[in-house]
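Below: coords-v8.csv (CSV, C-alpha atoms)
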chain,number,residue,atom,x,y,z
A,15,MET,CA,34.1,-12.6,-57.3
A,16,ALA,CA,31.9,-14.8,-55.2
A,17,LYS,CA,28.1,-14.1,-55.1
A,18,PRO,CA,26.9,-12.8,-51.7
A,19,ILE,CA,24.8,-15.4,-49.8
A,20,PRO,CA,21.4,-14.0,-48.8
A,21,LYS,CA,21.9,-13.0,-45.1
A,22,GLU,CA,19.6,-12.7,-42.2
A,23,GLN,CA,20.2,-9.6,-40.3
A,24,GLY,CA,20.7,-9.6,-36.5
A,25,LEU,CA,23.2,-10.7,-33.9
A,26,ASP,CA,21.8,-14.2,-33.2
A,27,HIS,CA,18.7,-16.1,-34.1
A,28,SER,CA,18.9,-19.1,-31.7
A,29,LEU,CA,15.7,-18.0,-30.0
A,30,ASP,CA,14.0,-17.7,-33.3
A,31,PHE,CA,15.0,-21.3,-34.1
A,32,LEU,CA,13.5,-22.4,-30.8
A,33,ARG,CA,10.3,-20.4,-31.5
A,34,GLU,CA,9.9,-21.7,-35.1
A,35,GLY,CA,11.3,-25.2,-34.8
A,36,TYR,CA,10.8,-27.2,-38.0
A,37,HIS,CA,9.8,-24.1,-39.9
A,38,PHE,CA,12.8,-22.0,-39.1
A,39,VAL,CA,14.8,-22.9,-42.2
A,40,PRO,CA,11.8,-23.4,-44.6
A,41,ASN,CA,10.4,-20.0,-43.6
A,42,ARG,CA,13.7,-18.2,-44.6
A,43,ARG,CA,14.2,-20.3,-47.8
A,44,LYS,CA,10.8,-19.1,-48.8
A,45,GLY,CA,11.4,-15.5,-47.7
A,46,PHE,CA,14.8,-15.2,-49.5
A,47,GLN,CA,13.5,-17.2,-52.4
A,48,SER,CA,16.7,-19.1,-52.1
A,49,ASN,CA,17.9,-22.6,-51.1
A,50,ILE,CA,20.9,-21.1,-49.4
A,51,PHE,CA,21.1,-18.4,-46.8
A,52,GLU,CA,23.2,-17.3,-43.9
A,53,THR,CA,22.2,-16.7,-40.3
A,54,ARG,CA,23.7,-16.8,-36.8
A,55,LEU,CA,23.0,-19.5,-34.3
A,56,LEU,CA,24.6,-20.1,-30.9
A,57,GLY,CA,26.9,-17.2,-31.5
A,58,GLU,CA,28.3,-18.3,-34.8
A,59,ARG,CA,27.8,-17.9,-38.5
A,60,ALA,CA,25.7,-20.7,-40.1
A,61,ILE,CA,24.9,-21.4,-43.7
A,62,CYS,CA,21.6,-23.2,-44.3
A,63,LEU,CA,20.9,-25.3,-47.3
A,64,GLY,CA,17.8,-27.0,-48.7
A,65,GLY,CA,16.4,-28.8,-51.7
A,66,GLU,CA,17.9,-31.5,-53.8
A,67,ASP,CA,21.0,-29.6,-54.9
A,68,GLY,CA,21.7,-28.4,-51.4
A,69,ALA,CA,21.4,-31.9,-50.0
A,70,GLU,CA,23.7,-33.4,-52.7
A,71,LEU,CA,26.3,-30.7,-51.8
A,72,PHE,CA,25.9,-31.3,-48.0
A,73,TYR,CA,26.6,-35.0,-48.4
A,74,ASP,CA,29.8,-34.5,-50.4
A,75,ALA,CA,32.4,-36.0,-48.0
A,76,GLU,CA,35.2,-34.2,-49.8
A,77,ARG,CA,33.7,-30.8,-48.8
A,78,PHE,CA,32.1,-31.4,-45.4
A,79,VAL,CA,33.0,-33.1,-42.1
A,80,ARG,CA,30.9,-34.0,-39.0
A,81,GLU,CA,33.6,-33.4,-36.4
A,82,ASP,CA,32.6,-30.6,-34.1
A,83,ALA,CA,29.4,-30.0,-36.0
A,84,ALA,CA,26.9,-31.2,-33.5
A,85,PRO,CA,26.4,-29.0,-30.4
A,86,LYS,CA,27.9,-30.4,-27.2
A,87,ARG,CA,24.4,-30.7,-25.7
A,88,LEU,CA,23.5,-33.2,-28.4
A,89,LEU,CA,26.7,-35.2,-27.9
A,90,LYS,CA,26.0,-35.4,-24.1
A,91,THR,CA,22.5,-36.7,-24.7
A,92,LEU,CA,21.4,-37.8,-28.2
A,93,PHE,CA,24.5,-39.1,-29.9
A,94,GLY,CA,27.1,-39.8,-27.3
A,95,GLU,CA,30.8,-38.9,-27.7
A,96,ASP,CA,33.1,-40.5,-30.2
A,97,GLY,CA,30.2,-42.3,-32.0
A,98,VAL,CA,29.9,-43.0,-35.7
A,99,GLN,CA,28.0,-39.7,-36.3
A,100,THR,CA,31.1,-37.7,-35.3
A,101,LEU,CA,33.6,-39.5,-37.6
A,102,ASP,CA,34.8,-38.7,-41.1
A,103,GLY,CA,36.8,-40.3,-43.9
A,104,PRO,CA,38.2,-43.8,-43.5
A,105,ALA,CA,37.4,-43.9,-39.8
A,106,HIS,CA,33.7,-43.3,-40.6
A,107,THR,CA,33.6,-45.7,-43.5
A,108,HIS,CA,35.1,-48.5,-41.3
A,109,ARG,CA,32.8,-47.8,-38.4
A,110,LYS,CA,29.8,-47.6,-40.7
A,111,ARG,CA,30.5,-51.0,-42.0
A,112,MET,CA,30.3,-52.3,-38.5
A,113,PHE,CA,26.7,-51.1,-38.3
A,114,MET,CA,25.8,-52.2,-41.9
A,115,SER,CA,27.0,-55.8,-41.1
A,116,LEU,CA,23.9,-56.2,-39.1
A,117,MET,CA,21.5,-54.8,-41.7
A,118,PHE,CA,21.1,-57.8,-43.9
A,119,PRO,CA,17.5,-58.8,-44.8
A,120,GLU,CA,17.3,-61.9,-42.7
A,121,ASN,CA,18.5,-60.1,-39.6
A,122,ILE,CA,16.1,-57.2,-40.2
A,123,ASP,CA,13.3,-59.8,-40.6
A,124,ARG,CA,14.3,-61.3,-37.2
A,125,LEU,CA,13.9,-57.9,-35.5
A,126,THR,CA,10.6,-57.4,-37.2
A,127,ARG,CA,9.3,-60.7,-35.9
A,128,LEU,CA,10.4,-59.8,-32.4
A,129,VAL,CA,8.6,-56.5,-32.7
A,130,GLY,CA,5.4,-58.2,-33.8
A,131,ARG,CA,5.7,-60.7,-30.9
A,132,GLU,CA,6.1,-57.9,-28.4
A,133,TRP,CA,3.1,-56.0,-29.8
A,134,GLU,CA,0.9,-59.1,-29.4
A,135,ARG,CA,2.1,-59.6,-25.8
A,136,ALA,CA,1.5,-55.9,-25.0
A,137,LEU,CA,-1.9,-55.6,-26.7
A,138,ASP,CA,-3.2,-58.9,-25.4
A,139,ARG,CA,-2.5,-57.7,-21.8
A,140,THR,CA,-4.2,-54.3,-22.4
A,141,THR,CA,-7.5,-53.6,-20.7
A,142,GLY,CA,-9.2,-50.2,-21.1
A,143,GLU,CA,-7.0,-47.4,-22.5
A,144,THR,CA,-3.4,-47.4,-23.5
A,145,VAL,CA,-1.1,-44.5,-24.5
A,146,LEU,CA,0.5,-45.7,-27.7
A,147,TYR,CA,3.7,-43.6,-27.4
A,148,GLY,CA,4.7,-45.2,-24.1
A,149,THR,CA,3.5,-48.7,-25.0
A,150,SER,CA,5.4,-48.7,-28.3
A,151,GLN,CA,8.7,-47.7,-26.6
A,152,GLN,CA,8.6,-50.7,-24.3
A,153,VAL,CA,7.6,-52.9,-27.2
A,154,LEU,CA,10.6,-51.7,-29.2
A,155,MET,CA,13.0,-51.7,-26.3
A,156,ARG,CA,12.2,-55.3,-25.4
A,157,ALA,CA,12.5,-56.4,-29.1
A,158,VAL,CA,15.7,-54.5,-29.9
A,159,CYS,CA,17.5,-55.6,-26.8
A,160,GLU,CA,16.8,-59.3,-27.6
A,161,TRP,CA,17.9,-58.6,-31.2
A,162,ALA,CA,21.0,-56.8,-30.2
A,163,GLY,CA,22.1,-59.5,-27.7
A,164,VAL,CA,21.6,-57.1,-24.7
A,165,PRO,CA,20.2,-58.8,-21.6
A,166,LEU,CA,17.3,-56.8,-20.3
A,167,ALA,CA,15.9,-57.9,-16.9
A,168,GLU,CA,12.1,-57.5,-16.5
A,169,GLU,CA,12.6,-55.2,-13.5
A,170,GLU,CA,14.8,-52.9,-15.6
A,171,VAL,CA,12.5,-52.5,-18.6
A,172,GLU,CA,10.9,-49.3,-17.5
A,173,LYS,CA,14.1,-47.7,-16.4
A,174,ARG,CA,16.1,-48.5,-19.5
A,175,THR,CA,13.3,-47.6,-21.8
A,176,ASP,CA,12.9,-44.3,-20.1
A,177,GLU,CA,16.7,-43.7,-20.5
A,178,MET,CA,16.5,-44.3,-24.3
A,179,ARG,CA,13.5,-41.9,-24.5
A,180,LEU,CA,15.3,-39.2,-22.6
A,181,LEU,CA,18.3,-39.4,-25.0
A,182,PHE,CA,16.2,-38.3,-28.0
A,183,GLU,CA,13.8,-36.1,-26.1
A,184,SER,CA,16.3,-34.0,-24.1
A,185,GLY,CA,18.9,-32.9,-26.6
A,186,THR,CA,17.3,-29.5,-27.4
A,187,ALA,CA,15.4,-29.2,-24.1
A,188,LEU,CA,16.3,-26.6,-21.5
A,189,GLY,CA,16.7,-26.8,-17.8
A,190,PRO,CA,15.9,-30.0,-15.7
A,191,LYS,CA,14.9,-32.2,-18.7
A,192,HIS,CA,18.2,-31.6,-20.4
A,193,PHE,CA,20.0,-32.5,-17.2
A,194,ARG,CA,17.9,-35.7,-16.9
A,195,GLY,CA,19.0,-36.6,-20.4
A,196,ARG,CA,22.7,-36.3,-19.4
A,197,GLN,CA,22.1,-38.5,-16.4
A,198,ALA,CA,20.3,-41.0,-18.7
A,199,ARG,CA,23.3,-41.0,-21.0
A,200,SER,CA,25.8,-41.7,-18.2
A,201,SER,CA,23.6,-44.4,-16.7
A,202,ALA,CA,22.9,-46.2,-20.0
A,203,GLU,CA,26.6,-46.1,-21.1
A,204,ALA,CA,27.7,-47.6,-17.7
A,205,TRP,CA,25.0,-50.3,-18.1
A,206,VAL,CA,26.2,-51.3,-21.6
A,207,ARG,CA,29.9,-50.8,-20.8
A,208,GLU,CA,29.7,-53.4,-18.1
A,209,MET,CA,28.2,-55.9,-20.6
A,210,VAL,CA,31.0,-55.2,-23.1
A,211,GLU,CA,33.6,-56.0,-20.4
A,212,GLU,CA,31.7,-59.2,-19.6
A,213,VAL,CA,31.7,-60.2,-23.3
A,214,ARG,CA,35.4,-59.6,-23.5
A,215,THR,CA,36.1,-61.8,-20.5
A,216,ASN,CA,33.7,-64.5,-21.7
A,217,ARG,CA,31.3,-64.1,-18.8
A,218,LEU,CA,28.6,-63.0,-21.2
A,219,LEU,CA,28.2,-64.9,-24.5
A,220,PRO,CA,25.8,-63.1,-26.9
A,221,ASN,CA,25.0,-64.7,-30.3
A,222,GLU,CA,27.0,-63.7,-33.3
A,223,ASN,CA,25.2,-61.2,-35.7
A,224,THR,CA,24.1,-59.2,-32.6
A,225,ALA,CA,25.3,-55.7,-32.0
A,226,LEU,CA,26.7,-56.5,-28.5
A,227,TYR,CA,28.9,-59.4,-29.9
A,228,GLU,CA,29.9,-57.7,-33.2
A,229,PHE,CA,30.7,-54.3,-31.6
A,230,SER,CA,32.6,-55.8,-28.7
A,231,TRP,CA,35.0,-57.6,-31.0
A,232,HIS,CA,35.1,-55.0,-33.8
A,233,ARG,CA,38.6,-53.7,-34.6
A,234,ASP,CA,39.0,-50.2,-35.9
A,235,GLU,CA,41.0,-49.3,-39.1
A,236,THR,CA,44.3,-49.7,-37.1
A,237,ARG,CA,43.2,-53.2,-36.0
A,238,GLU,CA,42.7,-52.2,-32.4
A,239,LEU,CA,39.6,-53.2,-30.4
A,240,LEU,CA,37.4,-50.2,-29.8
A,241,PRO,CA,37.5,-48.8,-26.2
A,242,ALA,CA,34.7,-50.2,-24.1
A,243,ASP,CA,33.3,-46.7,-23.7
A,244,VAL,CA,33.0,-46.3,-27.4
A,245,VAL,CA,31.4,-49.7,-27.8
A,246,ALA,CA,28.8,-48.7,-25.3
A,247,VAL,CA,28.0,-45.5,-27.3
A,248,GLU,CA,27.7,-47.6,-30.5
A,249,VAL,CA,25.4,-50.3,-28.9
A,250,ILE,CA,23.2,-47.5,-27.7
A,251,ASN,CA,23.3,-46.1,-31.3
A,252,ILE,CA,21.3,-49.3,-32.0
A,253,LEU,CA,19.0,-49.2,-29.0
A,254,ARG,CA,18.2,-45.5,-28.9
A,255,PRO,CA,17.2,-45.0,-32.6
A,256,THR,CA,15.1,-48.1,-32.5
A,257,VAL,CA,13.1,-46.8,-29.5
A,258,ALA,CA,12.9,-43.5,-31.3
A,259,VAL,CA,11.0,-45.2,-34.1
A,260,SER,CA,8.1,-45.0,-31.5
A,261,ILE,CA,7.6,-41.5,-33.0
A,262,TYR,CA,7.0,-43.0,-36.4
A,263,VAL,CA,4.9,-45.7,-34.9
A,264,LEU,CA,2.8,-43.0,-33.4
A,265,PHE,CA,2.4,-41.1,-36.7
A,266,THR,CA,1.7,-44.4,-38.6
A,267,VAL,CA,-1.3,-45.2,-36.4
A,268,LEU,CA,-2.4,-41.6,-36.4
A,269,ALA,CA,-2.4,-41.6,-40.2
A,270,LEU,CA,-4.5,-44.8,-40.2
A,271,HIS,CA,-7.0,-42.9,-38.1
A,272,GLN,CA,-6.8,-39.5,-39.8
A,273,PHE,CA,-6.8,-40.6,-43.4
A,274,PRO,CA,-9.6,-43.3,-43.6
A,275,GLU,CA,-9.5,-43.2,-47.4
A,276,ALA,CA,-5.8,-44.2,-47.5
A,277,ARG,CA,-6.5,-46.8,-44.8
A,278,ALA,CA,-9.3,-48.3,-46.9
A,279,LYS,CA,-6.9,-48.5,-49.8
A,280,LEU,CA,-4.3,-50.2,-47.6
A,281,ALA,CA,-6.9,-52.8,-46.5
A,282,ASP,CA,-8.0,-53.6,-50.1
A,283,GLY,CA,-4.5,-53.7,-51.5
A,284,THR,CA,-4.8,-50.6,-53.7
A,285,VAL,CA,-2.1,-48.9,-51.6
A,286,ASP,CA,1.1,-50.8,-50.9
A,287,PRO,CA,2.3,-50.6,-47.2
A,288,THR,CA,5.7,-49.3,-48.4
A,289,TRP,CA,4.1,-46.3,-50.1
A,290,PHE,CA,2.1,-45.6,-46.9
A,291,VAL,CA,5.2,-45.8,-44.7
A,292,GLN,CA,7.2,-43.6,-47.0
A,293,GLU,CA,4.5,-41.0,-47.0
A,294,VAL,CA,4.3,-41.0,-43.2
A,295,ARG,CA,8.0,-40.4,-43.1
A,296,ARG,CA,7.8,-37.6,-45.7
A,297,PHE,CA,4.6,-36.0,-44.3
A,298,TYR,CA,5.1,-35.9,-40.5
A,299,PRO,CA,7.9,-34.1,-38.7
A,300,PHE,CA,10.8,-36.2,-37.4
A,301,PHE,CA,14.0,-34.1,-37.2
A,302,PRO,CA,14.3,-30.6,-38.6
A,303,VAL,CA,17.9,-30.2,-39.6
A,304,THR,CA,21.3,-32.0,-39.6
A,305,ALA,CA,24.7,-30.3,-39.3
A,306,ALA,CA,28.2,-30.4,-40.7
A,307,ARG,CA,31.2,-28.2,-41.1
A,308,VAL,CA,33.1,-27.1,-44.2
A,309,LYS,CA,36.3,-29.2,-44.6
A,310,ASP,CA,38.3,-26.7,-46.7
A,311,ASP,CA,37.5,-23.5,-48.6
A,312,PHE,CA,35.5,-24.1,-51.8
A,313,GLU,CA,33.1,-22.4,-54.2
A,314,TRP,CA,29.7,-23.8,-55.2
A,315,GLU,CA,27.2,-22.2,-57.6
A,316,GLY,CA,29.2,-19.0,-57.3
A,317,TYR,CA,28.9,-19.0,-53.5
A,318,SER,CA,32.0,-19.1,-51.2
A,319,PHE,CA,32.2,-21.6,-48.3
A,320,GLU,CA,35.0,-21.0,-45.8
A,321,ARG,CA,36.7,-23.8,-43.8
A,322,GLY,CA,35.1,-24.5,-40.4
A,323,THR,CA,31.8,-22.8,-41.2
A,324,LEU,CA,28.7,-24.5,-39.7
A,325,VAL,CA,26.3,-25.7,-42.3
A,326,LEU,CA,22.7,-26.9,-41.7
A,327,LEU,CA,20.6,-29.0,-44.1
A,328,ASP,CA,16.9,-28.6,-44.0
A,329,LEU,CA,15.4,-32.1,-43.7
A,330,TYR,CA,11.8,-31.3,-43.0
A,331,GLY,CA,11.6,-28.5,-45.6
A,332,THR,CA,13.2,-30.6,-48.3
A,333,ASN,CA,10.6,-33.3,-47.7
A,334,HIS,CA,7.9,-30.7,-48.3
A,335,ASP,CA,9.6,-28.8,-51.1
A,336,PRO,CA,7.1,-28.0,-53.9
A,337,ALA,CA,9.9,-28.1,-56.4
A,338,HIS,CA,10.2,-31.9,-55.8
A,339,TRP,CA,6.7,-32.9,-54.4
A,340,ASP,CA,3.3,-32.2,-55.9
A,341,GLU,CA,0.9,-30.8,-53.2
A,342,PRO,CA,3.5,-31.5,-50.4
A,343,GLU,CA,1.0,-30.7,-47.6
A,344,GLN,CA,-1.4,-33.4,-48.8
A,345,PHE,CA,-1.1,-37.0,-47.4
A,346,TRP,CA,-1.0,-39.0,-50.5
A,347,PRO,CA,0.8,-42.4,-50.4
A,348,GLU,CA,0.3,-43.0,-54.1
A,349,ARG,CA,3.0,-40.5,-54.8
A,350,PHE,CA,5.5,-43.2,-54.1
A,351,LYS,CA,4.0,-45.7,-56.6
A,352,ASP,CA,6.2,-44.6,-59.5
A,353,TRP,CA,8.7,-42.6,-57.4
A,354,LYS,CA,12.1,-42.5,-58.9
A,355,GLU,CA,14.2,-42.8,-55.8
A,356,SER,CA,16.5,-39.9,-55.1
A,357,PRO,CA,18.9,-39.9,-52.1
A,358,PHE,CA,18.6,-36.1,-52.0
A,359,THR,CA,14.9,-35.2,-52.2
A,360,PHE,CA,13.5,-37.6,-49.7
A,361,ILE,CA,15.7,-37.2,-46.5
A,362,PRO,CA,13.7,-37.8,-43.3
A,363,GLN,CA,16.7,-39.7,-41.8
A,364,GLY,CA,19.4,-38.0,-43.8
A,365,GLY,CA,20.5,-38.2,-47.4
A,366,GLY,CA,23.2,-39.7,-49.5
A,367,ASP,CA,24.4,-43.3,-49.5
A,368,THR,CA,23.2,-45.6,-46.7
A,369,ASP,CA,26.2,-48.0,-46.8
A,370,PHE,CA,29.1,-45.5,-46.8
A,371,GLY,CA,27.7,-42.0,-46.1
A,372,HIS,CA,26.0,-40.3,-43.2
A,373,ARG,CA,22.5,-41.5,-44.1
A,374,CYS,CA,21.0,-43.4,-41.1
A,375,ALA,CA,22.2,-47.0,-41.0
A,376,GLY,CA,18.9,-48.1,-39.5
A,377,GLU,CA,16.6,-46.6,-42.2
A,378,HIS,CA,15.6,-50.1,-43.5
A,379,VAL,CA,14.9,-51.1,-39.9
A,380,THR,CA,12.7,-48.1,-39.5
A,381,ILE,CA,10.7,-49.0,-42.6
A,382,ALA,CA,10.3,-52.7,-41.5
A,383,ILE,CA,9.1,-51.7,-38.1
A,384,MET,CA,6.6,-49.3,-39.5
A,385,LYS,CA,5.3,-51.9,-41.9
A,386,GLU,CA,4.9,-54.3,-39.0
A,387,THR,CA,3.0,-51.6,-37.2
A,388,ILE,CA,0.5,-51.3,-40.1
A,389,ASP,CA,0.0,-55.1,-40.1
A,390,VAL,CA,-0.6,-55.1,-36.3
A,391,PHE,CA,-3.1,-52.2,-36.3
A,392,LEU,CA,-4.8,-52.8,-39.6
A,393,ASN,CA,-5.0,-56.6,-39.9
A,394,ARG,CA,-4.4,-58.2,-36.4
A,395,TYR,CA,-6.1,-55.8,-33.9
A,396,ARG,CA,-9.1,-53.5,-33.8
A,397,PHE,CA,-8.9,-50.3,-31.9
A,398,ALA,CA,-10.9,-47.1,-31.2
A,399,VAL,CA,-9.6,-43.6,-30.9
A,400,PRO,CA,-11.5,-41.7,-28.2
A,401,PRO,CA,-11.8,-37.9,-28.3
A,402,GLN,CA,-8.4,-36.3,-27.4
A,403,ASP,CA,-6.0,-33.6,-28.5
A,404,LEU,CA,-4.2,-35.0,-31.6
A,405,SER,CA,-2.6,-31.7,-32.5
A,406,TYR,CA,1.2,-31.5,-32.7
A,407,SER,CA,3.5,-28.6,-32.6
A,408,PHE,CA,6.2,-27.8,-35.1
A,409,VAL,CA,8.1,-26.1,-32.3
A,410,ASP,CA,8.5,-29.1,-30.0
A,411,LEU,CA,11.3,-31.6,-30.7
A,412,PRO,CA,10.4,-34.3,-31.1
A,413,SER,CA,7.0,-33.2,-32.4
A,414,LEU,CA,4.2,-35.5,-31.0
A,415,PRO,CA,0.4,-35.4,-30.7
A,416,LYS,CA,-0.3,-33.8,-27.4
A,417,SER,CA,-2.3,-36.8,-26.2
A,418,LYS,CA,0.5,-39.2,-27.2
A,419,LEU,CA,-2.4,-41.1,-29.0
A,420,VAL,CA,-4.7,-42.8,-26.6
A,421,LEU,CA,-6.3,-46.1,-27.9
A,422,GLU,CA,-9.1,-48.1,-26.4
A,423,GLU,CA,-11.3,-51.1,-27.2
A,424,ILE,CA,-8.2,-53.0,-28.4
A,425,GLU,CA,-9.0,-56.6,-29.4
A,426,ARG,CA,-7.8,-59.2,-31.8
A,427,ARG,CA,-9.5,-59.5,-35.1

Structure re-expressed in structure tokens:
Amino acid sequence: MAKPIPKEQGLDHSLDFLREGYHFVPNRRKGFQSNIFETRLLGERAICLGGEDGAELFYDAERFVREDAAPKRLLKTLFGEDGVQTLDGPAHTHRKRMFMSLMFPENIDRLTRLVGREWERALDRTTGETVLYGTSQQVLMRAVCEWAGVPLAEEEVEKRTDEMRLLFESGTALGPKHFRGRQARSSAEAWVREMVEEVRTNRLLPNENTALYEFSWHRDETRELLPADVVAVEVINILRPTVAVSIYVLFTVLALHQFPEARAKLADGTVDPTWFVQEVRRFYPFFPVTAARVKDDFEWEGYSFERGTLVLLDLYGTNHDPAHWDEPEQFWPERFKDWKESPFTFIPQGGGDTDFGHRCAGEHVTIAIMKETIDVFLNRYRFAVPPQDLSYSFVDLPSLPKSKLVLEEIERR
């Protein structure tokens, strides 16, 4: 007989999720003293998992699928429909290879150089104060569009950057902001879809090893070209996550400011930039949970999982789990010095295998951009942080310092 899963009482806890945000699942894991519990969200039963064993289970492709797991409001804004995040099995593996074909070291280095160039252009033009969050988004949008082979006219930079921002800011928003996110999705997909059609009629000739070229000519597992609508979604799945790295850029510079001892160790070489970047990704909130559905009935650790059940994995809580991390609420980059890499204890952008699983294809890009950010703001430019509200909420998604980090007195070293 299966063991009962600890169960939260009540008809629905969606409002509790909105009120508690990143702490919703960790609070209940702590309360139940269990890495598995059951609740109800958006009117349906949901099983929540956390910790290394829970993450390893969640990324077992024989037991879970992504189809119909993400709420429709996220498909209409954040992910787009029919994108790689919604696929399973051979279709997912084949599509994921399309993304990973761009993620070789020389190509990532090229993007990093473009980001560095755009930072210098932006910061050299800055007079007085600049809001880092907004500035970083335009820096990243300019760089990733050039890298991806996507033409971006100067007069469209602000509009297209704002669309990418709305895609990752509006998914869980209510009311007008969510509606603006849907409009941004439609506009951005139409913009890229037109380019795809131009590529396929040889009116636009992007370089090889760019997303626009590779995705436009990619053939699925049945050897058919992807529909132009789907290519547009997948090209945006390069642009939008790169612009979303502005959240990590923000927290990277915030950490340089808030943890002067760690900054000094970076400057003298005692702390490696990779350790610092990984600690930023572990310490600060990025995304609270990810979702899947049970593929077929199975039993695990004595617990029964029924086909079609919604399952959520606790990303933030697993990155702060004291079972895996000493003093998890302390910012300590040195913890990564001798870290034995685990794909299931450190999961800021998902867990499991990067090449074939559902772990973020752009994780190495994220790390490279964050390391470039350290180089820019530690070694190439001086800056001051005036008095401002740097607090951030664990309820807001994404979670950001209230001031969006204002910098002043920016000058080359």

Calculate how many Å separate CA of Glu34 in chain A from CA of Ala187 in chain A, rounding to one decimal.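 So the answer is 14.4 Å.
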
Need the shell around Arg131 in chain A: protein/DNA/RNA residues with any atom at most 9 Å away, counting only C-alpha atoms. Skip same-chain ones fewer than 4 positions apart. Format as a VMD selection string? chain A and resid 126 to 127 135 to 136 153 157

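Rounded to one decimal, CA of Trp346 in chain A and CA of Thr304 in chain A lie 25.8 Å from each other.
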
Let me make sure I understand: among A:Ser184, A:Thr284, A:Ser115, A:Thr149, which one has the smallest atom-to-atom distance to Arg87 in chain A if we use all atoms listed in the file?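 Result for the nearest residue to Arg87 in chain A: A:Ser184.
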
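Residue neighbourhood of His271 in chain A, excluding near-sequence residues (fewer than 5 positions): Phe265, Thr266, Ala276, Arg277, Phe397, Ala398 and Val399 of chain A, at 10 Å, using only C-alpha atoms.
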
Distance CA of Ser407 in chain A-CA of Tyr298 in chain A, one decimal place? 10.9 Å

Per residue of range 219-320 of chain A within 8 Å of range 326-336 of chain A, note the shortest atom pair and the distance in Å to one decimal, counting only C-alpha atoms, and order the rows by chain and increasing residue number, as a Markdown table.
| residue | atom | partner | partner_atom | distance |
| --- | --- | --- | --- | --- |
| A:Arg296 | CA | A:Asn333 | CA | 5.5 |
| A:Phe297 | CA | A:Asn333 | CA | 7.4 |
| A:Pro299 | CA | A:Tyr330 | CA | 6.4 |
| A:Phe300 | CA | A:Tyr330 | CA | 7.5 |
| A:Phe301 | CA | A:Tyr330 | CA | 6.8 |
| A:Pro302 | CA | A:Tyr330 | CA | 5.1 |
| A:Val303 | CA | A:Asp328 | CA | 4.8 |
| A:Thr304 | CA | A:Leu327 | CA | 5.5 |
| A:Ala305 | CA | A:Leu326 | CA | 4.6 |
| A:Ala306 | CA | A:Leu326 | CA | 6.6 |

Please produce an output containing C-alpha atoms for each residue in the selection, written as a short mmCIF file (atom, residue, chain, number, x, y, z; two decimals), in the coordinates of the input.
data_model
loop_
_atom_site.label_atom_id
_atom_site.label_comp_id
_atom_site.auth_asym_id
_atom_site.auth_seq_id
_atom_site.Cartn_x
_atom_site.Cartn_y
_atom_site.Cartn_z
CA ARG A 296 7.80 -37.60 -45.70
CA PHE A 297 4.60 -36.00 -44.30
CA PRO A 299 7.90 -34.10 -38.70
CA PHE A 300 10.80 -36.20 -37.40
CA PHE A 301 14.00 -34.10 -37.20
CA PRO A 302 14.30 -30.60 -38.60
CA VAL A 303 17.90 -30.20 -39.60
CA THR A 304 21.30 -32.00 -39.60
CA ALA A 305 24.70 -30.30 -39.30
CA ALA A 306 28.20 -30.40 -40.70
#

Which residue of A:Ala202, A:Leu181, A:Val249, A:Leu128 approaches Ile383 in chain A most closely, using all atoms listed in the file: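 Smallest separation from Ile383 in chain A among the options: A:Leu128.
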
Pick the closest to Leu89 in chain A from A:Pro220, A:Gly185, A:Gly365, A:Pro190: which is it, counting all atoms listed in the file?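 Looking only at the distances to Leu89 in chain A, the closest residue turns out to be A:Gly185.
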
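Taking all atoms listed in the file, the non-local environment of Lys173 in chain A within 12 Å (same-chain residues fewer than 6 positions away omitted) comprises Gln151, Gln152, Met155, Arg156, Leu166, Ala167, Arg179, Leu180, Ala198, Ser201, Ala202 and Trp205 of chain A.
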